[in-house]
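Asker: So here's structure.txt (compact mmCIF, C-alpha atoms and all ligand atoms).
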# COMPACT_ATOMS: atom_id res chain seq x y z
CA MET X 691 -42.26 197.09 277.02
CA ASP X 692 -44.51 199.14 274.73
CA TRP X 693 -44.76 202.00 277.19
CA PHE X 694 -40.97 202.16 277.27
CA TYR X 695 -40.63 202.33 273.48
CA ASN X 696 -43.36 204.99 273.28
CA ALA X 697 -41.75 207.09 276.00
CA PHE X 698 -38.34 206.64 274.34
CA ASP X 699 -39.69 207.73 270.93
CA ALA X 700 -41.36 210.78 272.47
CA ALA X 701 -38.16 211.74 274.30
CA GLN X 702 -36.07 211.25 271.15
CA GLN X 703 -38.49 213.44 269.19
CA TRP X 704 -38.38 216.14 271.86
CA LEU X 705 -34.58 216.12 272.16
CA PHE X 706 -34.22 216.26 268.38
CA VAL X 707 -36.64 219.16 267.86
CA GLN X 708 -35.55 221.18 270.89
CA VAL X 709 -31.79 220.66 270.89
CA ILE X 710 -30.25 218.77 267.96
CA GLN X 711 -32.14 220.41 265.11
CA PRO X 712 -31.48 224.02 266.22
CA LEU X 713 -27.87 223.05 266.87
CA ALA X 714 -27.51 221.54 263.39
CA PHE X 715 -28.96 224.68 261.72
CA TRP X 716 -26.78 226.91 263.88
CA ALA X 717 -23.71 224.96 262.76
CA GLY X 718 -24.84 225.15 259.12
CA ALA X 719 -25.30 221.38 258.99
CA GLY X 720 -29.00 221.30 258.04
CA ASN X 721 -28.17 218.69 255.38
CA LEU X 722 -27.21 216.20 258.09
CA LEU X 723 -30.54 216.15 259.93
CA GLU X 724 -31.17 212.50 259.12
CA GLN X 725 -27.90 211.47 260.75
CA GLY X 726 -28.73 213.88 263.56
CA TYR X 727 -31.91 211.97 264.32
CA GLY X 728 -29.92 208.74 264.60
CA ALA X 729 -27.35 210.47 266.80
CA THR X 730 -30.18 211.63 269.07
CA GLU X 731 -31.07 207.99 269.69
CA TRP X 732 -27.49 207.23 270.79
CA LEU X 733 -27.42 210.36 272.95
CA LEU X 734 -30.65 209.40 274.70
CA VAL X 735 -29.47 205.82 275.28
CA GLY X 736 -26.28 207.23 276.77
CA VAL X 737 -28.17 209.60 279.08
CA LEU X 738 -30.32 206.68 280.31
CA GLN X 739 -27.24 204.52 280.86
CA ILE X 740 -25.47 207.21 282.83
CA ALA X 741 -28.64 207.70 284.91
CA VAL X 742 -28.61 203.97 285.77
CA LEU X 743 -24.90 204.18 286.64
CA VAL X 744 -25.28 207.21 288.89
CA LEU X 745 -28.59 206.24 290.52
CA VAL X 746 -28.27 202.46 290.86
CA LEU X 747 -24.73 201.14 290.37
CA GLY X 748 -22.99 204.07 292.08
CA PRO X 749 -24.85 203.69 295.40
CA ALA X 750 -24.37 199.89 295.22
CA GLN X 751 -20.61 200.42 294.80
CA ARG X 752 -20.56 202.65 297.88
CA LEU X 753 -22.52 200.11 299.93
CA TRP X 754 -20.64 196.96 298.92
CA PRO X 755 -17.21 197.93 297.52
CA VAL X 756 -14.56 195.35 296.63
CA GLU X 757 -11.87 197.82 297.70
CA PRO X 758 -11.83 201.41 298.99
CA VAL X 759 -11.51 204.14 296.36
CA THR X 760 -8.15 205.73 297.14
CA ASP X 761 -7.38 207.23 293.72
CA ARG X 762 -10.26 209.48 292.69
CA ARG X 763 -8.32 211.06 289.85
CA ALA X 764 -7.92 207.67 288.18
CA VAL X 765 -11.69 207.21 288.37
CA ARG X 766 -12.36 210.69 286.94
CA VAL X 767 -10.36 209.79 283.81
CA ASP X 768 -12.63 206.77 283.32
CA VAL X 769 -15.70 209.00 283.74
CA LEU X 770 -14.32 211.10 280.89
CA TYR X 771 -13.94 208.01 278.67
CA THR X 772 -17.52 207.00 279.52
CA LEU X 773 -18.99 210.42 278.69
CA LEU X 774 -17.00 210.55 275.44
CA HIS X 775 -18.33 207.18 274.34
CA ARG X 776 -21.83 207.02 275.76
CA LEU X 777 -22.94 210.57 274.91
CA GLY X 778 -22.27 209.91 271.26
CA LEU X 779 -19.17 212.03 270.66
CA PHE X 780 -17.09 209.00 269.69
CA LYS X 781 -19.96 207.62 267.58
CA LEU X 782 -20.23 210.93 265.76
CA LEU X 783 -16.51 210.94 265.11
CA MET X 784 -16.69 207.35 263.88
CA PHE X 785 -19.61 208.10 261.62
CA PHE X 786 -17.93 210.99 259.88
CA SER X 787 -14.56 209.28 259.60
CA PHE X 788 -15.18 205.59 258.94
CA GLU X 789 -18.74 204.38 259.26
CA ALA X 790 -20.27 206.53 256.54
CA TRP X 791 -17.51 205.27 254.30
CA ALA X 792 -18.18 201.65 255.35
CA LEU X 793 -21.88 202.12 254.56
CA ASP X 794 -20.96 203.47 251.10
CA VAL X 795 -18.66 200.52 250.44
CA PHE X 796 -21.37 198.07 251.48
CA GLY X 797 -23.95 199.84 249.37
CA TRP X 798 -21.59 199.66 246.41
CA LEU X 799 -20.85 195.95 247.02
CA ARG X 800 -24.55 195.11 247.39
CA VAL X 801 -25.34 196.75 244.07
CA ARG X 802 -22.66 194.51 242.56
CA GLY X 803 -24.23 191.41 244.06
CA LEU X 804 -22.45 190.92 247.39
CA PRO X 805 -24.35 188.10 249.08
CA THR X 806 -25.46 188.98 252.60
CA LEU X 807 -25.23 186.43 255.36
CA GLN X 808 -28.67 187.13 256.70
CA ILE X 809 -29.51 184.70 259.48
CA ASP X 810 -33.03 184.56 258.09
CA GLN X 811 -31.75 182.87 254.92
CA LEU X 812 -30.02 180.12 256.87
CA TRP X 813 -33.00 179.55 259.10
CA PRO X 814 -36.13 180.97 257.46
CA GLY X 815 -38.56 182.66 259.79
CA VAL X 816 -36.23 182.73 262.78
CA THR X 817 -35.93 186.49 262.80
CA ASP X 818 -39.70 187.06 262.52
CA VAL X 819 -40.10 187.18 266.27
CA ALA X 820 -38.35 190.32 267.50
CA TRP X 821 -37.01 188.95 270.78
CA VAL X 822 -35.75 185.72 269.18
CA SER X 823 -33.75 187.64 266.59
CA PHE X 824 -32.54 190.00 269.33
CA ILE X 825 -31.14 187.09 271.35
CA LEU X 826 -29.62 185.48 268.24
CA TYR X 827 -27.79 188.67 267.32
CA LEU X 828 -26.75 189.20 270.93
CA VAL X 829 -25.13 185.74 271.02
CA LEU X 830 -23.51 186.24 267.62
CA PHE X 831 -22.07 189.64 268.59
CA ASP X 832 -20.85 188.15 271.83
CA LEU X 833 -19.00 185.38 270.00
CA VAL X 834 -17.32 187.99 267.80
CA GLY X 835 -16.56 190.07 270.91
CA TYR X 836 -14.99 187.08 272.64
CA TRP X 837 -12.50 186.46 269.82
CA LEU X 838 -11.69 190.13 269.37
CA HIS X 839 -10.92 190.35 273.08
CA ARG X 840 -8.82 187.20 273.00
CA TRP X 841 -6.82 188.57 270.09
CA GLN X 842 -6.39 191.89 271.92
CA HIS X 843 -4.42 189.86 274.44
CA HIS X 844 -2.71 187.42 272.05
CA TRP X 845 -1.52 189.78 269.35
CA HIS X 846 1.35 191.76 270.73
CA TRP X 847 0.60 194.93 268.76
CA TRP X 848 -3.05 194.88 269.80
CA TRP X 849 -2.15 194.33 273.44
CA GLN X 850 -0.15 197.62 273.37
CA LEU X 851 -3.49 199.38 272.85
CA HIS X 852 -5.67 197.13 275.03
CA ALA X 853 -3.21 197.67 277.90
CA VAL X 854 -4.83 201.10 278.41
CA HIS X 855 -7.97 199.25 279.54
CA HIS X 856 -6.03 196.98 281.87
CA SER X 857 -3.81 199.67 283.38
CA GLN X 858 -6.62 200.83 285.69
CA ARG X 859 -5.73 199.82 289.23
CA GLN X 860 -8.83 201.47 290.64
CA MET X 861 -11.45 199.61 288.62
CA THR X 862 -15.05 200.87 288.83
CA MET X 863 -18.26 200.89 286.80
CA TRP X 864 -16.71 203.70 284.70
CA THR X 865 -13.80 201.57 283.46
CA ASP X 866 -15.59 199.80 280.57
CA ASN X 867 -14.95 202.59 278.05
CA ARG X 868 -11.36 203.20 279.12
CA ASN X 869 -9.76 202.10 275.86
CA HIS X 870 -7.24 203.45 273.43
CA LEU X 871 -9.19 205.39 270.78
CA LEU X 872 -7.51 203.43 268.00
CA ASP X 873 -8.58 200.21 269.76
CA SER X 874 -12.17 201.50 269.92
CA VAL X 875 -12.04 202.45 266.23
CA ILE X 876 -10.96 198.91 265.28
CA THR X 877 -13.53 197.06 267.40
CA ASP X 878 -16.31 199.48 266.43
CA LEU X 879 -15.58 198.94 262.74
CA VAL X 880 -15.67 195.16 263.16
CA PHE X 881 -19.05 195.29 264.90
CA VAL X 882 -20.53 197.70 262.36
CA THR X 883 -19.29 195.42 259.55
CA VAL X 884 -20.80 192.33 261.20
CA ALA X 885 -24.09 194.21 261.72
CA LEU X 886 -24.14 195.17 258.03
CA LEU X 887 -23.21 191.63 256.94
CA VAL X 888 -25.94 189.87 258.89
CA GLY X 889 -28.47 192.64 258.30
CA VAL X 890 -29.18 193.92 261.82
CA GLY X 891 -31.56 196.88 261.64
CA PRO X 892 -30.23 200.24 262.91
CA SER X 893 -32.58 200.44 265.91
CA GLN X 894 -31.91 196.84 266.86
CA PHE X 895 -28.19 197.57 266.64
CA VAL X 896 -28.59 200.47 269.09
CA ALA X 897 -30.52 198.23 271.51
CA LEU X 898 -27.88 195.46 271.24
CA VAL X 899 -25.03 197.85 271.93
CA ALA X 900 -26.95 199.59 274.75
CA LEU X 901 -27.69 196.35 276.61
CA SER X 902 -24.11 195.11 276.17
CA GLN X 903 -22.67 198.39 277.45
CA LEU X 904 -24.88 198.38 280.53
CA MET X 905 -23.85 194.81 281.34
CA GLU X 906 -20.20 195.72 280.84
CA SER X 907 -20.48 198.64 283.26
CA LEU X 908 -21.85 196.24 285.86
CA GLN X 909 -19.01 193.78 285.26
CA HIS X 910 -16.38 196.45 285.90
CA ALA X 911 -18.11 197.76 289.03
CA ASN X 912 -16.22 197.95 292.31
CA LEU X 913 -18.94 195.73 293.69
CA ARG X 914 -18.69 192.75 295.99
CA TRP X 915 -21.76 190.89 294.84
CA PRO X 916 -21.45 187.10 294.99
CA TRP X 917 -23.58 185.25 292.44
CA PRO X 918 -24.66 181.62 292.71
CA ALA X 919 -22.48 179.33 290.59
CA TRP X 920 -25.22 178.67 288.00
CA ALA X 921 -25.82 182.41 287.45
CA GLU X 922 -22.09 183.04 286.91
CA ARG X 923 -22.09 180.38 284.23
CA LEU X 924 -25.04 182.00 282.51
CA VAL X 925 -23.87 185.62 282.41
CA VAL X 926 -20.46 187.21 283.07
CA SER X 927 -20.42 188.39 286.69
CA PRO X 928 -18.40 191.27 288.22
CA ARG X 929 -16.18 188.67 289.93
CA PHE X 930 -15.54 186.77 286.67
CA HIS X 931 -14.47 189.92 284.81
CA ARG X 932 -12.44 191.27 287.74
CA HIS X 933 -10.44 188.06 287.58
CA HIS X 934 -9.72 188.86 283.91
CA HIS X 935 -8.22 192.15 285.17
CA ALA X 936 -6.19 190.51 287.98
CA ILE X 937 -2.57 191.64 288.28
CA ALA X 938 -1.33 188.18 289.13
CA LEU X 939 -2.57 186.87 285.80
CA SER X 940 0.05 188.18 283.43
CA HIS X 941 -1.35 190.05 280.50
CA GLU X 942 1.93 191.30 279.13
CA PRO X 943 3.11 188.37 277.02
CA GLU X 944 6.79 189.05 277.75
CA ALA X 945 6.16 189.28 281.47
CA ALA X 946 4.09 186.11 281.25
CA LEU X 947 7.25 184.20 280.39
CA VAL X 948 8.84 185.14 283.71
CA ALA X 949 5.61 185.14 285.68
CA GLY X 950 6.53 181.86 287.28
CA ARG X 951 9.32 183.71 289.08
CA ALA X 952 7.48 186.97 289.65
CA PRO X 953 6.20 187.68 293.16
CA ALA X 954 2.44 188.07 293.51
CA ALA X 955 1.32 191.69 293.49
CA GLU X 956 0.37 193.13 296.82
CA GLY X 957 -3.25 192.42 297.58
CA ALA X 958 -3.59 190.00 294.69
CA ARG X 959 -3.66 186.28 294.97
CA ALA X 960 -0.83 184.40 293.37
CA ALA X 961 -3.03 182.87 290.73
CA PRO X 962 -1.98 179.52 289.34
CA ARG X 963 -0.93 179.68 285.70
CA ALA X 964 -3.91 179.76 283.44
CA PRO X 965 -4.39 177.37 280.54
CA ASP X 966 -4.02 180.36 278.22
CA ARG X 967 -0.83 182.22 279.09
CA PHE X 968 -2.18 185.56 277.89
CA GLY X 969 -5.07 185.60 280.32
CA VAL X 970 -8.46 184.11 281.17
CA ASN X 971 -12.16 185.04 281.15
CA TYR X 972 -12.36 186.97 277.88
CA GLY X 973 -16.17 186.71 277.67
CA ILE X 974 -18.09 189.96 277.22
CA LEU X 975 -21.67 189.02 278.15
CA PHE X 976 -21.69 185.23 278.32
CA PRO X 977 -18.95 183.06 279.84
CA TRP X 978 -19.99 180.23 277.47
CA TRP X 979 -17.22 180.94 274.95
CA ASP X 980 -14.60 180.78 277.70
CA MET X 981 -16.07 177.45 278.79
CA LEU X 982 -16.20 176.20 275.20
CA PHE X 983 -12.71 177.37 274.15
CA GLY X 984 -10.92 176.54 277.40
CA SER X 985 -10.20 180.00 278.80
CA ALA X 986 -12.59 180.08 281.77
CA ASP X 987 -11.11 180.34 285.25
CA TRP X 988 -13.58 180.25 288.12
CA ARG X 989 -10.99 180.41 290.87
CA GLY X 990 -10.79 184.19 291.03
CA GLY X 991 -11.65 186.06 294.20
CA TYR X 992 -12.12 189.80 294.09
CA ASP X 993 -8.63 190.41 292.76
CA ALA X 994 -6.56 193.60 292.72
CA THR X 995 -6.48 194.92 289.13
CA GLY X 996 -3.71 196.18 286.89
CA ILE X 997 -0.83 194.97 284.72
CA ASP X 998 2.05 193.11 286.30
CA ASP X 999 4.90 195.22 284.93
CA GLN X 1000 3.13 198.27 286.36
CA VAL X 1001 3.51 196.72 289.79
CA LEU X 1002 6.80 194.85 289.33
CA LYS X 1003 8.75 197.38 287.26
CA GLY X 1004 6.79 200.60 287.81
CA ARG X 1005 6.02 200.91 284.10
CA ASP X 1006 4.02 204.03 283.32
CA TYR X 1007 0.81 203.64 281.30
CA GLY X 1008 -0.26 207.27 281.81
CA ARG X 1009 -2.38 208.98 284.45
CA GLY X 1010 -4.46 211.32 282.32
CA PHE X 1011 -6.41 210.76 279.11
CA TRP X 1012 -3.83 212.21 276.70
CA ALA X 1013 -0.91 210.50 278.43
CA GLN X 1014 -2.67 207.14 278.12
CA GLN X 1015 -3.42 207.74 274.43
CA TRP X 1016 0.08 208.99 273.66
CA LEU X 1017 1.89 206.20 275.54
CA GLY X 1018 -0.31 203.64 273.76
CA LEU X 1019 0.82 204.97 270.38
CA ARG X 1020 4.43 205.01 271.56
CA ARG X 1021 4.24 201.37 272.66
CA LEU X 1022 2.85 200.54 269.23
CA ALA X 1023 5.55 202.53 267.45
CA GLY X 1024 8.20 200.89 269.67
CA LEU X 1025 7.12 197.52 268.29
CA ALA X 1026 7.49 198.77 264.74
CA ARG X 1027 11.05 199.91 265.45
CA ARG X 1028 12.21 196.59 266.81
ZN ZN X 1101 -8.76 192.30 278.40
ZN ZN X 1102 -12.53 194.99 281.33
Could you show the structure in this file as structure tokens?
Answerer:
Amino acid sequence: MDWFYNAFDAAQQWLFVQVIQPLAFWAGAGNLLEQGYGATEWLLVGVLQIAVLVLVLGPAQRLWPVEPVTDRRAVRVDVLYTLLHRLGLFKLLMFFSFEAWALDVFGWLRVRGLPTLQIDQLWPGVTDVAWVSFILYLVLFDLVGYWLHRWQHHWHWWWQLHAVHHSQRQMTMWTDNRNHLLDSVITDLVFVTVALLVGVGPSQFVALVALSQLMESLQHANLRWPWPAWAERLVVSPRFHRHHHAIALSHEPEAALVAGRAPAAEGARAAPRAPDRFGVNYGILFPWWDMLFGSADWRGGYDATGIDDQVLKGRDYGRGFWAQQWLGLRRLAGLARR
């Protein structure tokens, strides 16, 4: 892997000197060069990810699609979400609005003796080997991600935002970042806080997020790619996550109450009621948490995706980016009024 790190460093250096630095001076932000160097790392990771999507996953989707792409506009909106998130624009926004502030708070707390929950203190020496610590953090972040996702479905207010993600009926590799911005702000802040608490280094954090994002793009892909049963139990497969998005599995808690009477959506299997009435298969990278906490459902085929009241009642979740964001806020505000 050394050649990769060296090439990455060289590319980051080049991009910073040639593009980011002149841009920062032009914008009169020469005092932010240090942050700019970090942002360059995110930008480069994003460019690499998008290259993998376009060059590898895209052709695979065309060769082995789950369903034909009939709504290109819906896919284009997801491309916009992906570019916004992966090319660092969202990260930049987060940094200047919340993360810098979170770093300050943590710095302040540390000075006043906040104990850190470094894994190394619990298990001395375990983080000495880079790949061991990488896997440990990956598993820890995934556990946090599992519960956040489960709560996004369980907590009614949070579902109003997470519904943006589930309202995509034309799910593709671009759908991972289709989230309400407020939802992304909340989850991002939780992960940054966990990273600060357990003492993940900045570069390791970038690598953890990058690997997770790439896996998540694969899981959303419009890709009919059957995995052997053992592999599906090791890592979340596209089929496993598509089942999480299935229309027939009610996500809307109110609709879930009448789901027993609701007809199955066209093209979707009438899935038997899941043990968890808000949904199944919440796992981000590993299905282990679903297996452990009783929310795994292996029965899914390659289901049609969407939310049931979209299909049953024609509820509008928005076609374009701004409509989706605005309607998400309105659903949230509607809850407050009740
Ligand atoms: Zn979900
Ligand atoms: Zn998803």
Asker: Taking all atoms listed in the file into account, which residues are within 8 Å of ligand ZN 1101 (chain X), as an MDAnalysis selection string?
Answerer: chainID X and resid 839:840 842:843 852:853 855:856 934:935 969 972
Asker: With all atoms listed in the file as the basis for distance, which of X:Pro814, X:Gly728, X:Pro916, X:Gly973 is at the shortest distance from ligand ZN 1102 (chain X)?
Answerer: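 That would be X:Gly973, the residue with the smallest distance to ligand ZN 1102 (chain X).
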Asker: From the set X:Val767, X:Ala911, X:Ala790, X:Leu939, which residue has the shortest atom-to-atom contact distance to ligand ZN 1102 (chain X), counting all atoms listed in the file?
Answerer: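 Nearest candidate to ligand ZN 1102 (chain X) out of X:Val767, X:Ala911, X:Ala790, X:Leu939: X:Ala911.
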Asker: Within 9 Å of ligand ZN 1102 (chain X), which residues of chain X come that close, and what is the closest atom pair and distance in Å for each? Count all atoms listed in the file and give it as a tab-separated table.
Answerer:
residue	atom	partner	partner_atom	distance
X:His855	CA	X:ZN1102	ZN	6.5
X:His856	CA	X:ZN1102	ZN	6.8
X:Met861	CA	X:ZN1102	ZN	8.7
X:Thr865	CA	X:ZN1102	ZN	7.0
X:Asp866	CA	X:ZN1102	ZN	5.8
X:Asn867	CA	X:ZN1102	ZN	8.6
X:Arg868	CA	X:ZN1102	ZN	8.6
X:Glu906	CA	X:ZN1102	ZN	7.7
X:Ser907	CA	X:ZN1102	ZN	9.0
X:Gln909	CA	X:ZN1102	ZN	7.7
X:His910	CA	X:ZN1102	ZN	6.2
X:His931	CA	X:ZN1102	ZN	6.4
X:Arg932	CA	X:ZN1102	ZN	7.4
X:His934	CA	X:ZN1102	ZN	7.2
X:His935	CA	X:ZN1102	ZN	6.4
X:Tyr972	CA	X:ZN1102	ZN	8.7
X:Ile974	CA	X:ZN1102	ZN	8.6
Asker: From the options X:Arg766, X:Arg1005, X:Val926, X:Ile997, which residue's atoms come nearest to Asn971 (chain X), counting only C-alpha atoms?
Answerer: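 Answer, going by the shortest atom-to-atom distance: X:Val926.
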Asker: In Å, with one decimal, what is the gap from CA of Met784 (chain X) to CA of Asp878 (chain X)?
Answerer: 8.3 Å
Asker: Using only C-alpha atoms, pick whichever of X:Ala938, X:Leu1019, X:Leu982, X:Leu773 has the shortest atom-to-atom distance to Asp999 (chain X).
Answerer: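 Of X:Ala938, X:Leu1019, X:Leu982, X:Leu773, the one nearest Asp999 (chain X), counting only C-alpha atoms, is X:Ala938.
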Asker: How big is the axis-aligned box around all listed atoms of region 870-879 of chain X once 4 Å goes on each side, and where's its centre, in Å to one decimal, as AutoDock Vina command-line options?
Answerer:
--center_x -11.8 --center_y 201.2 --center_z 268.1 --size_x 17.1 --size_y 16.3 --size_z 18.7
Asker: Since the input lacks atoms, please generate N, CA and C atoms for region 858-878 of chain X and provide them as a PDB file, in the coordinates of the input.
Answerer:
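What landed in selection.pdb:
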ATOM      1  N   GLN X 858      -5.855 200.220 284.582  1.00  0.00           N
ATOM      2  CA  GLN X 858      -6.620 200.830 285.690  1.00  0.00           C
ATOM      3  C   GLN X 858      -6.485 199.969 286.951  1.00  0.00           C
ATOM      4  N   ARG X 859      -5.894 200.563 287.968  1.00  0.00           N
ATOM      5  CA  ARG X 859      -5.730 199.820 289.230  1.00  0.00           C
ATOM      6  C   ARG X 859      -6.864 200.123 290.191  1.00  0.00           C
ATOM      7  N   GLN X 860      -7.681 201.108 289.815  1.00  0.00           N
ATOM      8  CA  GLN X 860      -8.830 201.470 290.640  1.00  0.00           C
ATOM      9  C   GLN X 860     -10.078 201.227 289.783  1.00  0.00           C
ATOM     10  N   MET X 861     -10.391 199.946 289.564  1.00  0.00           N
ATOM     11  CA  MET X 861     -11.450 199.610 288.620  1.00  0.00           C
ATOM     12  C   MET X 861     -12.837 199.881 289.199  1.00  0.00           C
ATOM     13  N   THR X 862     -13.667 200.574 288.420  1.00  0.00           N
ATOM     14  CA  THR X 862     -15.050 200.870 288.830  1.00  0.00           C
ATOM     15  C   THR X 862     -15.986 200.699 287.639  1.00  0.00           C
ATOM     16  N   MET X 863     -17.255 200.987 287.874  1.00  0.00           N
ATOM     17  CA  MET X 863     -18.260 200.890 286.800  1.00  0.00           C
ATOM     18  C   MET X 863     -17.949 201.804 285.611  1.00  0.00           C
ATOM     19  N   TRP X 864     -17.037 202.777 285.797  1.00  0.00           N
ATOM     20  CA  TRP X 864     -16.710 203.700 284.700  1.00  0.00           C
ATOM     21  C   TRP X 864     -15.620 203.144 283.792  1.00  0.00           C
ATOM     22  N   THR X 865     -15.015 202.020 284.148  1.00  0.00           N
ATOM     23  CA  THR X 865     -13.800 201.570 283.460  1.00  0.00           C
ATOM     24  C   THR X 865     -14.074 200.938 282.086  1.00  0.00           C
ATOM     25  N   ASP X 866     -15.315 200.520 281.824  1.00  0.00           N
ATOM     26  CA  ASP X 866     -15.590 199.800 280.570  1.00  0.00           C
ATOM     27  C   ASP X 866     -15.094 200.535 279.327  1.00  0.00           C
ATOM     28  N   ASN X 867     -15.317 201.846 279.257  1.00  0.00           N
ATOM     29  CA  ASN X 867     -14.950 202.590 278.050  1.00  0.00           C
ATOM     30  C   ASN X 867     -13.515 203.080 278.024  1.00  0.00           C
ATOM     31  N   ARG X 868     -12.766 202.785 279.078  1.00  0.00           N
ATOM     32  CA  ARG X 868     -11.360 203.200 279.120  1.00  0.00           C
ATOM     33  C   ARG X 868     -10.587 202.338 278.132  1.00  0.00           C
ATOM     34  N   ASN X 869     -10.460 202.831 276.918  1.00  0.00           N
ATOM     35  CA  ASN X 869      -9.760 202.100 275.860  1.00  0.00           C
ATOM     36  C   ASN X 869      -8.970 203.083 275.024  1.00  0.00           C
ATOM     37  N   HIS X 870      -7.938 202.578 274.370  1.00  0.00           N
ATOM     38  CA  HIS X 870      -7.240 203.450 273.430  1.00  0.00           C
ATOM     39  C   HIS X 870      -8.210 203.760 272.284  1.00  0.00           C
ATOM     40  N   LEU X 871      -8.227 205.013 271.821  1.00  0.00           N
ATOM     41  CA  LEU X 871      -9.190 205.390 270.780  1.00  0.00           C
ATOM     42  C   LEU X 871      -9.017 204.558 269.525  1.00  0.00           C
ATOM     43  N   LEU X 872      -7.765 204.243 269.184  1.00  0.00           N
ATOM     44  CA  LEU X 872      -7.510 203.430 268.000  1.00  0.00           C
ATOM     45  C   LEU X 872      -8.088 202.022 268.185  1.00  0.00           C
ATOM     46  N   ASP X 873      -7.997 201.506 269.408  1.00  0.00           N
ATOM     47  CA  ASP X 873      -8.580 200.210 269.760  1.00  0.00           C
ATOM     48  C   ASP X 873     -10.102 200.271 269.561  1.00  0.00           C
ATOM     49  N   SER X 874     -10.713 201.349 270.052  1.00  0.00           N
ATOM     50  CA  SER X 874     -12.170 201.500 269.920  1.00  0.00           C
ATOM     51  C   SER X 874     -12.568 201.619 268.447  1.00  0.00           C
ATOM     52  N   VAL X 875     -11.742 202.314 267.653  1.00  0.00           N
ATOM     53  CA  VAL X 875     -12.040 202.450 266.230  1.00  0.00           C
ATOM     54  C   VAL X 875     -12.066 201.068 265.568  1.00  0.00           C
ATOM     55  N   ILE X 876     -11.066 200.239 265.889  1.00  0.00           N
ATOM     56  CA  ILE X 876     -10.960 198.910 265.280  1.00  0.00           C
ATOM     57  C   ILE X 876     -12.158 198.040 265.665  1.00  0.00           C
ATOM     58  N   THR X 877     -12.441 197.949 266.967  1.00  0.00           N
ATOM     59  CA  THR X 877     -13.530 197.060 267.400  1.00  0.00           C
ATOM     60  C   THR X 877     -14.872 197.571 266.888  1.00  0.00           C
ATOM     61  N   ASP X 878     -15.061 198.901 266.917  1.00  0.00           N
ATOM     62  CA  ASP X 878     -16.310 199.480 266.430  1.00  0.00           C
ATOM     63  C   ASP X 878     -16.538 199.130 264.955  1.00  0.00           C
TER      64      ASP X 878
END
